[in-house]
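Participant: I have a structure I would like to understand better, so I am pasting it below and will then ask my questions one at a time.
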Amino acid sequence: MAYQQRGQPPISRDALWQYFQRVDTDRSGSISQDELSSALKNGQWTEFNPETVRLMVGMFDRDGNGMITFDEFAGLWKYITDWQQAFRSYDTDNSGAIDKKELSTALISFGYRLSDRFVDVLIRKFDRRGCGSVSFDDFIQCCVVLQTLTAAFSTEDRDRDGWITVTYEHYLTMIMKMPL
């Protein structure tokens, strides 16, 4: 499942089924995390970050068996395609990676108001190649992690003022319950 080229028409369900069958190398009728990892390629034509693959399997594996059925795969395909469109729209220099300025713009458009210092933290955390930018798969992981952390914070921020008071153990419990 390579990074779909700009301007390509959406894939048909039949073509998606054929692709699913190619990815399902053990012919089990479901795709494992390893099979999905082998099939996914980011904008630099390298395999997706294994942690990003794990997060996506966790998001789309409705029955919790660690495998992706064809219907789950169809949802995952749409999810990745939607992220590709977002990624391309923020990769304004068409470098195939999102730099600090582009990431900041993306996060602002998603409704986050984060300091430049924190955006630097995100770049350092999700820049696997050490080049000051994040690749497509790492961009997905960054956004999913940020969304998950925000959701956990929001459940505690009952008055919606951006502040919570929790004990250390409660904080740890919040973090441990997250599918990160």
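By convention in this document, the chains of the structure tokens carry letters A, B, ... by their order, each chain's residues are numbered from 1, and ligands are numbered from 1 in the order they are shown.
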DSSP says strand (DSSP E or B) for which residues of chain A? Put them as a list of chain:residue names?
Facilitator: A:Ile31, A:Lys41, A:Glu47, A:Ile68, A:Ile98, A:Asp99, A:Ser133, A:Val134
Participant: Write out as a PyMOL selection string which residues come within 12 Å of Ser28 of chain A when counting only C-alpha atoms, dropping same-chain ones fewer than 5 positions away.
Facilitator: chain A and resi 20-23+35+67-70
Participant: What does the file look like for those residues with all heavy atoms, as a compact mmCIF listing (two decimals), in the first residue's frame?
Facilitator:
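Result file is out-v7.txt:
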# COMPACT_ATOMS: atom_id res chain seq x y z
N PHE A 20 -6.01 -6.44 -0.85
CA PHE A 20 -6.13 -7.12 0.45
C PHE A 20 -5.61 -8.55 0.34
O PHE A 20 -4.85 -9.01 1.20
CB PHE A 20 -7.59 -7.10 0.91
CG PHE A 20 -7.83 -7.83 2.20
CD1 PHE A 20 -7.64 -7.20 3.41
CD2 PHE A 20 -8.26 -9.15 2.19
CE1 PHE A 20 -7.86 -7.87 4.61
CE2 PHE A 20 -8.49 -9.83 3.37
CZ PHE A 20 -8.29 -9.19 4.60
N GLN A 21 -6.00 -9.23 -0.71
CA GLN A 21 -5.56 -10.62 -0.89
C GLN A 21 -4.04 -10.72 -1.09
O GLN A 21 -3.42 -11.68 -0.63
CB GLN A 21 -6.30 -11.26 -2.07
CG GLN A 21 -7.77 -11.50 -1.75
CD GLN A 21 -8.51 -12.14 -2.91
OE1 GLN A 21 -8.43 -11.66 -4.05
NE2 GLN A 21 -9.21 -13.21 -2.62
N ARG A 22 -3.45 -9.75 -1.77
CA ARG A 22 -1.99 -9.75 -1.93
C ARG A 22 -1.28 -9.49 -0.60
O ARG A 22 -0.23 -10.08 -0.33
CB ARG A 22 -1.55 -8.70 -2.96
CG ARG A 22 -1.82 -9.11 -4.39
CD ARG A 22 -1.05 -8.26 -5.40
NE ARG A 22 -1.19 -6.83 -5.25
CZ ARG A 22 -2.14 -6.09 -5.82
NH1 ARG A 22 -3.05 -6.66 -6.59
NH2 ARG A 22 -2.18 -4.79 -5.65
N VAL A 23 -1.87 -8.63 0.23
CA VAL A 23 -1.27 -8.31 1.53
C VAL A 23 -1.41 -9.50 2.49
O VAL A 23 -0.52 -9.76 3.29
CB VAL A 23 -1.91 -7.03 2.12
CG1 VAL A 23 -1.43 -6.77 3.54
CG2 VAL A 23 -1.62 -5.83 1.23
N GLU A 35 1.94 -8.35 8.35
CA GLU A 35 1.56 -8.28 6.93
C GLU A 35 1.26 -6.83 6.53
O GLU A 35 1.69 -6.38 5.47
CB GLU A 35 0.34 -9.16 6.67
CG GLU A 35 0.64 -10.64 6.71
CD GLU A 35 -0.61 -11.51 6.67
OE1 GLU A 35 -1.64 -11.14 7.28
OE2 GLU A 35 -0.55 -12.58 6.03
N MET A 67 -6.07 -8.74 14.30
CA MET A 67 -6.05 -8.93 12.85
C MET A 67 -7.04 -7.97 12.21
O MET A 67 -8.00 -7.54 12.84
CB MET A 67 -6.45 -10.37 12.50
CG MET A 67 -5.60 -11.44 13.18
SD MET A 67 -3.96 -11.57 12.50
CE MET A 67 -4.29 -12.49 11.02
N ILE A 68 -6.81 -7.68 10.95
CA ILE A 68 -7.68 -6.77 10.19
C ILE A 68 -8.42 -7.57 9.12
O ILE A 68 -7.79 -8.18 8.25
CB ILE A 68 -6.84 -5.66 9.51
CG1 ILE A 68 -6.09 -4.83 10.53
CG2 ILE A 68 -7.70 -4.77 8.62
CD1 ILE A 68 -6.95 -3.95 11.40
N THR A 69 -9.75 -7.57 9.20
CA THR A 69 -10.56 -8.23 8.18
C THR A 69 -10.66 -7.30 6.97
O THR A 69 -10.22 -6.15 7.02
CB THR A 69 -11.99 -8.49 8.70
OG1 THR A 69 -12.62 -7.23 8.96
CG2 THR A 69 -11.98 -9.34 9.96
N PHE A 70 -11.27 -7.78 5.90
CA PHE A 70 -11.39 -6.94 4.72
C PHE A 70 -12.19 -5.68 5.01
O PHE A 70 -11.79 -4.59 4.59
CB PHE A 70 -12.03 -7.71 3.54
CG PHE A 70 -12.25 -6.81 2.36
CD1 PHE A 70 -11.18 -6.30 1.63
CD2 PHE A 70 -13.53 -6.42 1.99
CE1 PHE A 70 -11.37 -5.45 0.56
CE2 PHE A 70 -13.74 -5.57 0.91
CZ PHE A 70 -12.65 -5.08 0.20
Participant: Within 8 Å of Ala152 of chain A, counting only C-alpha atoms, which residues qualify if same-chain residues fewer than 4 places away don't, as an mmCIF file with all heavy atoms, in the first residue's frame?
Facilitator:
data_model
loop_
_atom_site.group_PDB
_atom_site.id
_atom_site.type_symbol
_atom_site.label_atom_id
_atom_site.label_comp_id
_atom_site.auth_asym_id
_atom_site.auth_seq_id
_atom_site.Cartn_x
_atom_site.Cartn_y
_atom_site.Cartn_z
ATOM 1 N N THR A 148 -5.350 11.456 21.115
ATOM 2 C CA THR A 148 -5.632 10.558 22.232
ATOM 3 C C THR A 148 -5.337 11.227 23.572
ATOM 4 O O THR A 148 -6.133 11.144 24.513
ATOM 5 C CB THR A 148 -4.804 9.259 22.086
ATOM 6 O OG1 THR A 148 -5.106 8.664 20.825
ATOM 7 C CG2 THR A 148 -5.112 8.272 23.196
ATOM 8 N N GLU A 156 -11.168 14.965 31.890
ATOM 9 C CA GLU A 156 -10.921 15.494 33.234
ATOM 10 C C GLU A 156 -11.181 16.997 33.331
ATOM 11 O O GLU A 156 -11.400 17.512 34.417
ATOM 12 C CB GLU A 156 -9.478 15.195 33.658
ATOM 13 C CG GLU A 156 -9.149 13.719 33.702
ATOM 14 C CD GLU A 156 -9.962 12.967 34.747
ATOM 15 O OE1 GLU A 156 -10.196 13.513 35.847
ATOM 16 O OE2 GLU A 156 -10.373 11.831 34.449
ATOM 17 N N MET A 174 -4.639 7.485 33.830
ATOM 18 C CA MET A 174 -5.127 8.059 32.570
ATOM 19 C C MET A 174 -4.234 7.629 31.405
ATOM 20 O O MET A 174 -4.721 7.196 30.369
ATOM 21 C CB MET A 174 -5.137 9.598 32.635
ATOM 22 C CG MET A 174 -6.200 10.201 33.504
ATOM 23 S SD MET A 174 -5.964 12.002 33.750
ATOM 24 C CE MET A 174 -5.736 12.623 32.100
ATOM 25 N N ILE A 175 -2.934 7.741 31.597
ATOM 26 C CA ILE A 175 -1.980 7.420 30.531
ATOM 27 C C ILE A 175 -1.985 5.930 30.222
ATOM 28 O O ILE A 175 -1.973 5.514 29.067
ATOM 29 C CB ILE A 175 -0.554 7.903 30.916
ATOM 30 C CG1 ILE A 175 -0.515 9.415 31.119
ATOM 31 C CG2 ILE A 175 0.473 7.449 29.895
ATOM 32 C CD1 ILE A 175 -0.905 10.231 29.921
ATOM 33 N N MET A 178 -4.711 4.571 27.919
ATOM 34 C CA MET A 178 -4.708 5.011 26.522
ATOM 35 C C MET A 178 -4.122 3.945 25.611
ATOM 36 O O MET A 178 -3.167 3.272 25.985
ATOM 37 C CB MET A 178 -3.914 6.289 26.369
ATOM 38 C CG MET A 178 -4.638 7.486 26.887
ATOM 39 S SD MET A 178 -3.746 8.958 26.453
ATOM 40 C CE MET A 178 -3.183 9.438 28.053
#
Participant: So what do you get for atom CA of Ser30 of chain A versus atom CA of Met59 of chain A, distance-wise?
Facilitator: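 Result for atom CA of Ser30 of chain A versus atom CA of Met59 of chain A: 15.3 Å, one decimal.
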Participant: Here is a test: counting only C-alpha atoms, which residue of A:Asp61, A:Glu51, A:Glu72, A:Asp14 is nearest to Phe139 of chain A?
Facilitator: A:Glu51
Participant: Would you please extract all helix (DSSP H, G or I) residues from segment 96-160 of chain A, as assigned by DSSP on the backbone, and give them as a PyMOL selection string?
Facilitator: chain A and resi 100-109+116-126+136-156
Participant: Go ahead and compute the interatomic distance for atom CA of Asp116 of chain A and atom CA of Val144 of chain A, in Å to one decimal.
Facilitator: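 Answer for the atom CA of Asp116 of chain A to atom CA of Val144 of chain A separation: 19.4 Å.
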Participant: Figure out the distance between atom CA of Thr167 of chain A and atom CA of Leu107 of chain A, please, to one decimal in Å.
Facilitator: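 These atoms are spaced 28.6 Å apart.
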Participant: Taking only C-alpha atoms into account, name the residue in A:Asp71, A:Asp99, A:Leu76, A:Val121 that is nearest to Gly58 of chain A.
Facilitator: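 Nearest candidate to Gly58 of chain A out of A:Asp71, A:Asp99, A:Leu76, A:Val121: A:Leu76.
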Participant: Pick out the residues sitting within 9 Å of Gln33 of chain A, and hand them over as a PDB file with N, CA, C and O atoms, in the first residue's frame; count only C-alpha atoms, and ignore anything fewer than 5 positions along from it in its own chain.
Facilitator:
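Result written to result_24.pdb:
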ATOM      1  N   SER A  38       4.455  -4.802   6.259  1.00  0.00           N
ATOM      2  CA  SER A  38       5.182  -5.085   5.011  1.00  0.00           C
ATOM      3  C   SER A  38       4.561  -4.395   3.813  1.00  0.00           C
ATOM      4  O   SER A  38       5.250  -4.082   2.843  1.00  0.00           O
ATOM      5  N   PRO A  50       6.699   0.928  12.832  1.00  0.00           N
ATOM      6  CA  PRO A  50       5.930  -0.173  13.435  1.00  0.00           C
ATOM      7  C   PRO A  50       4.936   0.300  14.495  1.00  0.00           C
ATOM      8  O   PRO A  50       3.856  -0.270  14.640  1.00  0.00           O
ATOM      9  N   VAL A  53       1.837   1.490  12.733  1.00  0.00           N
ATOM     10  CA  VAL A  53       1.060   0.330  12.279  1.00  0.00           C
ATOM     11  C   VAL A  53       0.290  -0.273  13.457  1.00  0.00           C
ATOM     12  O   VAL A  53      -0.901  -0.579  13.341  1.00  0.00           O
ATOM     13  N   ARG A  54       0.944  -0.406  14.598  1.00  0.00           N
ATOM     14  CA  ARG A  54       0.285  -0.949  15.787  1.00  0.00           C
ATOM     15  C   ARG A  54      -0.901  -0.079  16.200  1.00  0.00           C
ATOM     16  O   ARG A  54      -1.986  -0.595  16.499  1.00  0.00           O
ATOM     17  N   VAL A  57      -3.764  -0.648  13.616  1.00  0.00           N
ATOM     18  CA  VAL A  57      -4.414  -1.949  13.804  1.00  0.00           C
ATOM     19  C   VAL A  57      -5.336  -1.863  15.018  1.00  0.00           C
ATOM     20  O   VAL A  57      -6.493  -2.293  14.973  1.00  0.00           O
ATOM     21  N   GLY A  66      -6.445  -8.667  16.992  1.00  0.00           N
ATOM     22  CA  GLY A  66      -5.121  -8.315  16.491  1.00  0.00           C
ATOM     23  C   GLY A  66      -4.967  -8.465  14.991  1.00  0.00           C
ATOM     24  O   GLY A  66      -3.866  -8.346  14.473  1.00  0.00           O
ATOM     25  N   MET A  67      -6.067  -8.736  14.302  1.00  0.00           N
ATOM     26  CA  MET A  67      -6.049  -8.932  12.850  1.00  0.00           C
ATOM     27  C   MET A  67      -7.044  -7.967  12.206  1.00  0.00           C
ATOM     28  O   MET A  67      -8.003  -7.543  12.837  1.00  0.00           O
ATOM     29  N   ILE A  68      -6.814  -7.677  10.948  1.00  0.00           N
ATOM     30  CA  ILE A  68      -7.678  -6.769  10.189  1.00  0.00           C
ATOM     31  C   ILE A  68      -8.420  -7.571   9.122  1.00  0.00           C
ATOM     32  O   ILE A  68      -7.790  -8.183   8.250  1.00  0.00           O
TER      33      ILE A  68
END
Participant: Hey, which of A:Phe136, A:Leu149, A:Tyr171, A:Lys101 ends up closest to Val119 of chain A? Count only C-alpha atoms.
Facilitator: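 Ranked by minimum distance to Val119 of chain A, first place goes to A:Lys101.
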